[in-house]
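Enquirer: upload-v5.cif is reproduced below (mmCIF, C-alpha atoms).
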data_input
loop_
_atom_site.label_atom_id
_atom_site.label_comp_id
_atom_site.auth_asym_id
_atom_site.auth_seq_id
_atom_site.Cartn_x
_atom_site.Cartn_y
_atom_site.Cartn_z
CA MET N 23 -18.91 -1.03 13.13
CA LEU N 24 -17.11 2.15 14.18
CA SER N 25 -16.29 0.90 17.68
CA PRO N 26 -13.39 -1.41 16.65
CA LEU N 27 -12.01 1.43 14.52
CA ILE N 28 -12.04 3.78 17.50
CA ILE N 29 -10.62 1.13 19.83
CA SER N 30 -7.86 0.28 17.37
CA ALA N 31 -6.95 3.94 16.89
CA PHE N 32 -6.66 4.88 20.55
CA ILE N 33 -6.00 1.64 22.42
CA GLN N 34 -3.08 -0.73 22.01
CA THR N 35 -4.53 -4.03 20.82
CA THR N 36 -3.07 -7.28 19.57
CA ILE N 37 -3.88 -8.76 16.17
CA THR N 38 -6.00 -11.42 17.86
CA GLU N 39 -8.03 -8.77 19.70
CA GLY N 40 -8.39 -6.80 16.48
CA ILE N 41 -9.66 -9.84 14.57
CA PHE N 42 -12.17 -10.61 17.33
CA ALA N 43 -13.42 -7.01 17.57
CA THR N 44 -13.84 -6.48 13.83
CA SER N 45 -15.46 -9.89 13.34
CA ILE N 46 -18.03 -9.27 16.07
CA ALA N 47 -18.70 -5.75 14.78
CA CYS N 48 -19.23 -6.93 11.20
CA ILE N 49 -21.37 -9.92 12.16
CA PHE N 50 -23.77 -8.01 14.40
CA SER N 51 -23.91 -5.00 12.07
CA MET N 52 -24.84 -7.27 9.16
CA LYS N 53 -27.40 -9.15 11.25
CA MET N 54 -29.02 -5.92 12.46
CA TYR N 55 -29.06 -4.48 8.94
CA SER N 56 -30.66 -7.67 7.67
CA TYR N 57 -33.35 -7.45 10.35
CA ILE N 58 -34.02 -3.74 9.77
CA ILE N 59 -34.64 -4.12 6.05
CA SER N 60 -36.66 -7.33 6.44
CA ASN N 61 -40.39 -7.50 7.03
CA GLU N 62 -39.96 -9.68 10.08
CA LYS N 63 -41.35 -8.62 13.46
CA LEU N 64 -39.60 -10.49 16.23
CA ASN N 65 -40.25 -10.24 19.93
CA LEU N 66 -37.33 -9.79 22.33
CA ILE N 67 -36.76 -13.52 22.83
CA GLN N 68 -36.91 -14.24 19.10
CA TYR N 69 -34.57 -11.34 18.34
CA ASN N 70 -31.99 -12.54 20.87
CA LEU N 71 -32.19 -16.04 19.39
CA TYR N 72 -31.66 -14.55 15.93
CA LEU N 73 -28.54 -12.74 17.16
CA TRP N 74 -27.11 -16.04 18.39
CA LEU N 75 -27.96 -17.99 15.24
CA PRO N 76 -24.89 -18.47 13.01
CA CYS N 77 -26.54 -16.80 10.02
CA LEU N 78 -26.58 -13.32 8.52
CA ILE N 79 -30.06 -13.36 6.96
CA CYS N 80 -33.17 -12.68 9.02
CA GLN N 81 -35.47 -15.44 7.77
CA PRO N 82 -36.80 -17.15 10.92
CA ASN N 83 -39.64 -18.85 9.08
CA GLN N 84 -37.15 -20.76 6.95
CA MET N 85 -35.16 -22.10 9.88
CA ILE N 86 -35.53 -25.75 10.83
CA PHE N 87 -34.88 -26.55 14.47
CA LYS N 88 -34.33 -29.91 16.07
CA LYS N 89 -35.86 -30.84 19.40
CA LYS N 90 -32.78 -31.90 21.34
CA THR N 91 -29.27 -30.58 21.79
CA ASN N 92 -26.45 -33.04 21.23
CA PHE N 93 -24.16 -32.25 24.17
CA ILE N 94 -21.58 -34.81 23.10
CA GLN N 95 -21.27 -33.01 19.77
CA ILE N 96 -20.89 -29.69 21.61
CA ILE N 97 -18.00 -31.13 23.64
CA LYS N 98 -16.37 -32.41 20.44
CA TYR N 99 -16.68 -28.98 18.82
CA ILE N 100 -15.14 -27.29 21.87
CA ILE N 101 -12.23 -29.75 22.07
CA ASN N 102 -11.48 -29.61 18.34
CA SER N 103 -11.70 -25.81 18.28
CA SER N 104 -9.45 -25.48 21.32
CA VAL N 105 -6.80 -27.77 19.83
CA ILE N 106 -6.70 -25.86 16.54
CA ILE N 107 -6.67 -22.45 18.26
CA LEU N 108 -3.79 -23.49 20.52
CA TRP N 109 -1.90 -24.82 17.52
CA ASP N 110 -2.63 -21.55 15.69
CA LEU N 111 -1.25 -19.45 18.51
CA TYR N 112 1.88 -21.55 18.85
CA TYR N 113 2.50 -21.70 15.11
CA ILE N 114 2.00 -17.98 14.56
CA MET N 115 3.86 -16.76 17.65
CA TYR N 116 6.84 -19.12 17.59
CA GLU N 117 7.19 -20.39 14.03
CA ILE N 118 6.10 -17.58 11.72
CA GLN N 119 5.91 -14.19 13.41
CA PRO N 120 9.49 -14.01 14.79
CA ASN N 121 11.00 -14.89 11.42
CA TYR N 122 8.98 -13.92 8.39
CA ILE N 123 8.63 -10.24 9.28
CA HIS N 124 12.31 -9.77 8.42
CA GLU N 125 12.26 -11.75 5.19
CA GLY N 126 12.22 -10.33 1.69
CA LEU N 127 9.40 -11.24 -0.67
CA ALA N 128 11.33 -14.01 -2.46
CA LYS N 129 12.39 -15.72 0.78
CA PHE N 130 8.91 -15.28 2.19
CA ILE N 131 7.33 -17.04 -0.79
CA ILE N 132 9.81 -19.91 -0.51
CA ASN N 133 9.78 -20.30 3.28
CA TYR N 134 6.38 -19.20 4.54
CA SER N 135 3.71 -18.75 1.88
CA PHE N 136 2.76 -22.43 1.70
CA ARG N 137 2.68 -22.76 5.49
CA LEU N 138 0.54 -19.65 5.86
CA GLY N 139 -1.74 -20.92 3.12
CA ILE N 140 -2.25 -24.20 4.97
CA LEU N 141 -2.93 -22.20 8.13
CA ILE N 142 -5.62 -20.19 6.34
CA VAL N 143 -7.33 -23.32 4.97
CA ILE N 144 -7.25 -25.01 8.39
CA ASN N 145 -8.79 -21.93 9.99
CA HIS N 146 -11.48 -21.91 7.31
CA TYR N 147 -12.61 -25.28 8.65
CA LEU N 148 -12.09 -24.15 12.25
CA ILE N 149 -14.56 -21.31 11.73
CA PHE N 150 -17.14 -22.98 9.52
CA ASP N 151 -17.08 -26.56 10.81
CA TYR N 152 -16.33 -26.20 14.49
CA ILE N 153 -17.10 -22.70 15.79
CA LEU N 154 -20.22 -22.11 13.70
CA GLY N 155 -21.11 -25.78 14.11
CA LEU N 156 -20.99 -25.21 17.86
CA PHE N 157 -23.46 -22.33 17.59
CA MET N 158 -25.68 -24.44 15.35
CA GLU N 159 -25.78 -27.13 18.01
CA ILE N 160 -26.40 -24.67 20.85
CA THR N 161 -29.26 -22.94 19.02
CA LYS N 162 -30.52 -26.30 17.65
CA VAL N 163 -30.83 -25.02 14.08
CA GLU N 164 -29.97 -27.65 11.49
CA ASN N 165 -30.46 -26.31 7.96
CA LEU N 166 -27.65 -23.77 7.66
CA VAL N 167 -24.88 -24.16 5.09
CA PHE N 168 -21.61 -22.33 5.65
CA TYR N 169 -19.64 -23.38 2.59
CA GLU N 170 -19.87 -25.65 -0.42
CA ASP N 171 -17.28 -27.53 -2.47
CA TRP N 172 -15.10 -24.50 -3.21
CA TRP N 173 -12.26 -26.88 -4.07
CA ASN N 174 -14.20 -27.77 -7.24
CA ALA N 175 -14.71 -24.14 -8.29
CA ASP N 176 -14.25 -23.48 -12.00
CA GLY N 177 -13.75 -19.73 -11.69
CA PHE N 178 -13.51 -16.74 -9.37
CA GLY N 179 -17.27 -16.25 -9.27
CA THR N 180 -17.90 -19.84 -8.22
CA LEU N 181 -15.12 -19.69 -5.65
CA ASN N 182 -16.60 -16.54 -4.12
CA ARG N 183 -20.07 -18.10 -3.95
CA LYS N 184 -18.91 -21.31 -2.33
CA TRP N 185 -16.17 -20.14 0.03
CA ASN N 186 -18.48 -18.38 2.52
CA LYS N 187 -22.17 -19.05 1.90
CA GLN N 188 -23.50 -16.87 4.70
CA VAL N 189 -21.71 -13.72 3.55
CA HIS N 190 -22.58 -14.53 -0.06
CA ASN N 191 -26.26 -14.95 0.81
CA PHE N 192 -26.24 -11.71 2.80
CA LEU N 193 -24.76 -9.76 -0.10
CA LYS N 194 -26.98 -11.45 -2.67
CA ILE N 195 -30.28 -11.00 -0.81
CA ASN N 196 -29.73 -7.72 1.02
CA ILE N 197 -27.57 -5.84 -1.47
CA TYR N 198 -27.62 -7.28 -4.98
CA GLN N 199 -31.29 -8.26 -5.21
CA ARG N 200 -32.41 -4.96 -3.73
CA LEU N 201 -30.35 -3.01 -6.24
CA SER N 202 -31.21 -5.29 -9.15
CA LYS N 203 -34.93 -5.15 -9.85
CA ASN N 204 -35.06 -6.96 -13.17
CA GLY N 205 -32.71 -9.92 -13.18
CA LYS N 206 -29.01 -9.37 -13.76
CA ASN N 207 -27.76 -5.85 -13.29
CA MET N 208 -24.12 -4.89 -13.82
CA LYS N 209 -24.37 -1.77 -11.66
CA ALA N 210 -25.78 -3.81 -8.76
CA LEU N 211 -23.03 -6.40 -9.23
CA ILE N 212 -20.30 -3.76 -9.16
CA ILE N 213 -21.71 -2.15 -6.00
CA THR N 214 -22.02 -5.56 -4.32
CA TYR N 215 -18.44 -6.45 -5.21
CA LEU N 216 -17.26 -3.07 -3.95
CA ILE N 217 -19.07 -3.51 -0.63
CA THR N 218 -17.52 -6.96 -0.25
CA ALA N 219 -14.03 -5.60 -0.86
CA LEU N 220 -14.55 -2.67 1.52
CA LEU N 221 -15.80 -4.97 4.28
CA HIS N 222 -12.63 -7.03 3.94
CA GLU N 223 -10.51 -3.88 3.87
CA TYR N 224 -12.24 -2.67 7.02
CA CYS N 225 -11.45 -5.89 8.87
CA ILE N 226 -7.85 -6.07 7.65
CA ASN N 227 -6.92 -2.43 8.16
CA VAL N 228 -8.52 -2.10 11.58
CA THR N 229 -6.88 -5.32 12.74
CA LEU N 230 -3.42 -4.38 11.45
CA LYS N 231 -3.84 -0.63 12.06
CA THR N 232 -2.97 0.23 8.49
CA VAL N 233 -4.57 2.13 5.63
CA ARG N 234 -3.93 0.07 2.54
CA PHE N 235 -6.17 -1.17 -0.24
CA TYR N 236 -4.51 -4.27 -1.66
CA PHE N 237 -7.62 -6.42 -1.23
CA LEU N 238 -9.69 -3.83 -3.06
CA ILE N 239 -7.20 -3.79 -5.93
CA PHE N 240 -7.14 -7.59 -6.18
CA SER N 241 -10.94 -7.71 -5.98
CA CYS N 242 -11.25 -5.23 -8.83
CA ALA N 243 -8.82 -7.28 -10.92
CA GLN N 244 -10.79 -10.41 -10.10
CA PHE N 245 -14.07 -8.72 -11.04
CA ILE N 246 -12.65 -7.68 -14.41
CA LEU N 247 -11.64 -11.28 -15.15
CA ILE N 248 -14.99 -12.86 -14.21
CA PRO N 249 -16.78 -12.14 -17.55
CA TYR N 250 -13.91 -13.83 -19.40
CA GLN N 251 -13.78 -16.94 -17.22
CA LYS N 252 -15.42 -19.15 -19.81
CA TYR N 253 -12.52 -18.37 -22.14
CA ILE N 254 -9.82 -18.80 -19.48
CA PRO N 255 -8.91 -22.29 -18.19
CA PHE N 256 -9.23 -22.55 -14.41
CA PRO N 257 -7.64 -25.89 -13.49
CA ARG N 258 -7.54 -26.96 -9.87
CA TYR N 259 -3.83 -26.29 -9.43
CA ILE N 260 -4.52 -22.61 -10.18
CA LEU N 261 -7.39 -22.63 -7.69
CA PHE N 262 -5.28 -24.14 -4.91
CA SER N 263 -2.36 -21.87 -5.77
CA LEU N 264 -4.63 -18.85 -5.31
CA VAL N 265 -5.98 -20.15 -2.00
CA LEU N 266 -2.61 -21.21 -0.62
CA PHE N 267 -0.35 -18.49 -1.99
CA GLY N 268 -2.68 -15.60 -2.81
CA ASN N 269 -3.86 -15.09 0.76
CA SER N 270 -0.31 -15.45 2.06
CA LEU N 271 0.91 -12.82 -0.38
CA MET N 272 -1.82 -10.47 0.84
CA ILE N 273 -0.64 -10.96 4.43
CA TYR N 274 2.91 -10.13 3.39
CA LEU N 275 1.85 -6.98 1.54
CA TYR N 276 -0.23 -5.69 4.44
CA THR N 277 2.50 -6.32 7.00
CA HIS N 278 5.45 -5.07 4.94
CA TYR N 279 4.29 -2.29 2.62
#
Will you turn the file into structure tokens for me?

Expert:
Amino acid sequence: MLSPLIISAFIQTTITEGIFATSIACIFSMKMYSYIISNEKLNLIQYNLYLWLPCLICQPNQMIFKKKTNFIQIIKYIINSSVIILWDLYYIMYEIQPNYIHEGLAKFIINYSFRLGILIVINHYLIFDYILGLFMEITKVENLVFYEDWWNADGFGTLNRKWNKQVHNFLKINIYQRLSKNGKNMKALIITYLITALLHEYCINVTLKTVRFYFLIFSCAQFILIPYQKYIPFPRYILFSLVLFGNSLMIYLYTHY
């Protein structure tokens, strides 16, 4: 995971290159960590297959594989992914980046936060439905779940569990359960939350070449509110406001302050 940090520090990279480098570093570091602490013993072929599987938990015995690859589905995934990526690049480079960087916070919220929020949601489906779906089809695994109905979440905890199932499962199995020996453990939960926030901070700061901790601050605030969720209404308009505007606000903070 240090390689993208070194590359970012000494080599001029674009945001796209930074996102790619940090994503690859995090994914393979998490997969290798999961394998190291597991009791699995894979041969070279099995280990290489595991590295290509779109999962972060080393549990080969629980994988269900189909016999044939659907090449038509692969072509669909590639076409859909390419269309969204091209639209992303155009939208970011020509619609958002030249303008919003000079806007104040109020104008940014009015003019760009909703559009950036939509962009983030679309890319959520790009990653989990098309790109990871492509790897599922190539490796012929068929029982992986990447997200659940996060749009029906009734609180921050539920939203975190459903937004990215693979990362959630990695943290739950490899971090939380190993630290928590007897059921629920607040110390284990705090450490797990902290690791989650620091992983996000790593990706954001290396990509943008900054040293800021806004995500960590927001994560801590979110963690404090979780025990009181049953007393706090969490209607869907608040959920969608957080998804659409919260992420956009984070982007603004990291690029302006």

Enquirer: Measuring atom to atom with all atoms listed in the file, identify which of N:Ile217, N:Ile140, N:Cys225, N:Ile248 is nearest to N:Gly177.

Expert: N:Ile248

Enquirer: I'd like the neighbourhood of N:Lys88 as a list in words, where a residue qualifies if any of its atoms comes within 12 Å (using all atoms listed in the file), though same-chain residues fewer than 2 positions away should be ignored.

Expert: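 Contacts, in chain order: Met85, Ile86, Lys90, Thr91, Asn92, Met158, Glu159, Ile160, Thr161, Lys162, Val163, Glu164 and Asn165 of chain N.
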
Enquirer: Applied to the shown file, which residues does the PyMOL selection byres ((chain N and resi 240) around 12) return, written as a PyMOL selection string?

Expert: chain N and resi 178+215-216+218-220+222-223+235-239+241-247+264+268-269+271-272+275

Enquirer: For N:Asn174, list every protein, DNA or RNA residue within 10 Å, evaluated using all atoms listed in the file, and leave out those in the same chain fewer than 6 positions away; present the list as a list in words.

Expert: Thr180, Leu181, Lys184, Pro257, Arg258, Leu261 and Phe262 of chain N

Enquirer: With distances taken over only C-alpha atoms, which of N:Asp176, N:Asp151, N:Glu62, N:Asp171 is nearest to N:Ser103?

Expert: N:Asp151

Enquirer: Residues near stretch 45-60 of chain N, anyone? I mean within 10 Å using all atoms listed in the file, not counting same-chain ones fewer than 4 positions away, as an mmCIF file with C-alpha atoms, in the coordinates of the input.

Expert:
data_model
loop_
_atom_site.group_PDB
_atom_site.id
_atom_site.type_symbol
_atom_site.label_atom_id
_atom_site.label_comp_id
_atom_site.auth_asym_id
_atom_site.auth_seq_id
_atom_site.Cartn_x
_atom_site.Cartn_y
_atom_site.Cartn_z
ATOM 1 C CA MET N 23 -18.910 -1.030 13.130
ATOM 2 C CA LEU N 24 -17.110 2.150 14.180
ATOM 3 C CA SER N 25 -16.290 0.900 17.680
ATOM 4 C CA PRO N 26 -13.390 -1.410 16.650
ATOM 5 C CA LEU N 27 -12.010 1.430 14.520
ATOM 6 C CA GLU N 39 -8.030 -8.770 19.700
ATOM 7 C CA GLY N 40 -8.390 -6.800 16.480
ATOM 8 C CA ILE N 41 -9.660 -9.840 14.570
ATOM 9 C CA LEU N 64 -39.600 -10.490 16.230
ATOM 10 C CA TYR N 69 -34.570 -11.340 18.340
ATOM 11 C CA TYR N 72 -31.660 -14.550 15.930
ATOM 12 C CA LEU N 73 -28.540 -12.740 17.160
ATOM 13 C CA TRP N 74 -27.110 -16.040 18.390
ATOM 14 C CA LEU N 75 -27.960 -17.990 15.240
ATOM 15 C CA PRO N 76 -24.890 -18.470 13.010
ATOM 16 C CA CYS N 77 -26.540 -16.800 10.020
ATOM 17 C CA LEU N 78 -26.580 -13.320 8.520
ATOM 18 C CA ILE N 79 -30.060 -13.360 6.960
ATOM 19 C CA CYS N 80 -33.170 -12.680 9.020
ATOM 20 C CA GLN N 81 -35.470 -15.440 7.770
ATOM 21 C CA VAL N 189 -21.710 -13.720 3.550
ATOM 22 C CA PHE N 192 -26.240 -11.710 2.800
ATOM 23 C CA LEU N 193 -24.760 -9.760 -0.100
ATOM 24 C CA ILE N 195 -30.280 -11.000 -0.810
ATOM 25 C CA ASN N 196 -29.730 -7.720 1.020
ATOM 26 C CA ILE N 197 -27.570 -5.840 -1.470
ATOM 27 C CA LEU N 221 -15.800 -4.970 4.280
ATOM 28 C CA HIS N 222 -12.630 -7.030 3.940
ATOM 29 C CA TYR N 224 -12.240 -2.670 7.020
ATOM 30 C CA CYS N 225 -11.450 -5.890 8.870
ATOM 31 C CA THR N 229 -6.880 -5.320 12.740
#

Enquirer: Rounded to one decimal place, report the atom CA of N:Leu148-atom CA of N:Phe130 distance in Å.

Expert: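 Interatomic distance here is 24.9 Å.
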
Enquirer: Which residue, N:Gln95, N:Thr214, N:Asn61, N:Thr44, has the smallest gap to N:Tyr152 when you use only C-alpha atoms?

Expert: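 Using only C-alpha atoms, the shortest distance to N:Tyr152 belongs to N:Gln95.
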
Enquirer: Using only C-alpha atoms, find the one residue out of N:Asn83, N:Asn133, N:Gln68, N:Asn182 that sits nearest to N:Val265.

Expert: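 Ranking N:Asn83, N:Asn133, N:Gln68, N:Asn182 by distance to N:Val265, first place goes to N:Asn182.
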
Enquirer: One decimal, in Å: what's the spacing between atom CA of N:Thr232 and atom CA of N:Gln188?

Expert: 27.0 Å

Enquirer: When the PyMOL selection byres ((chain N and resi 277-279) around 8) is applied to the file above, which residues end up in the set, as a PDB file with C-alpha atoms, in the coordinates of the input?

Expert:
ATOM      1  CA  ILE N 123       8.630 -10.240   9.280  1.00  0.00           C
ATOM      2  CA  LEU N 230      -3.420  -4.380  11.450  1.00  0.00           C
ATOM      3  CA  ILE N 273      -0.640 -10.960   4.430  1.00  0.00           C
ATOM      4  CA  TYR N 274       2.910 -10.130   3.390  1.00  0.00           C
ATOM      5  CA  LEU N 275       1.850  -6.980   1.540  1.00  0.00           C
ATOM      6  CA  TYR N 276      -0.230  -5.690   4.440  1.00  0.00           C
TER       7      TYR N 276
END
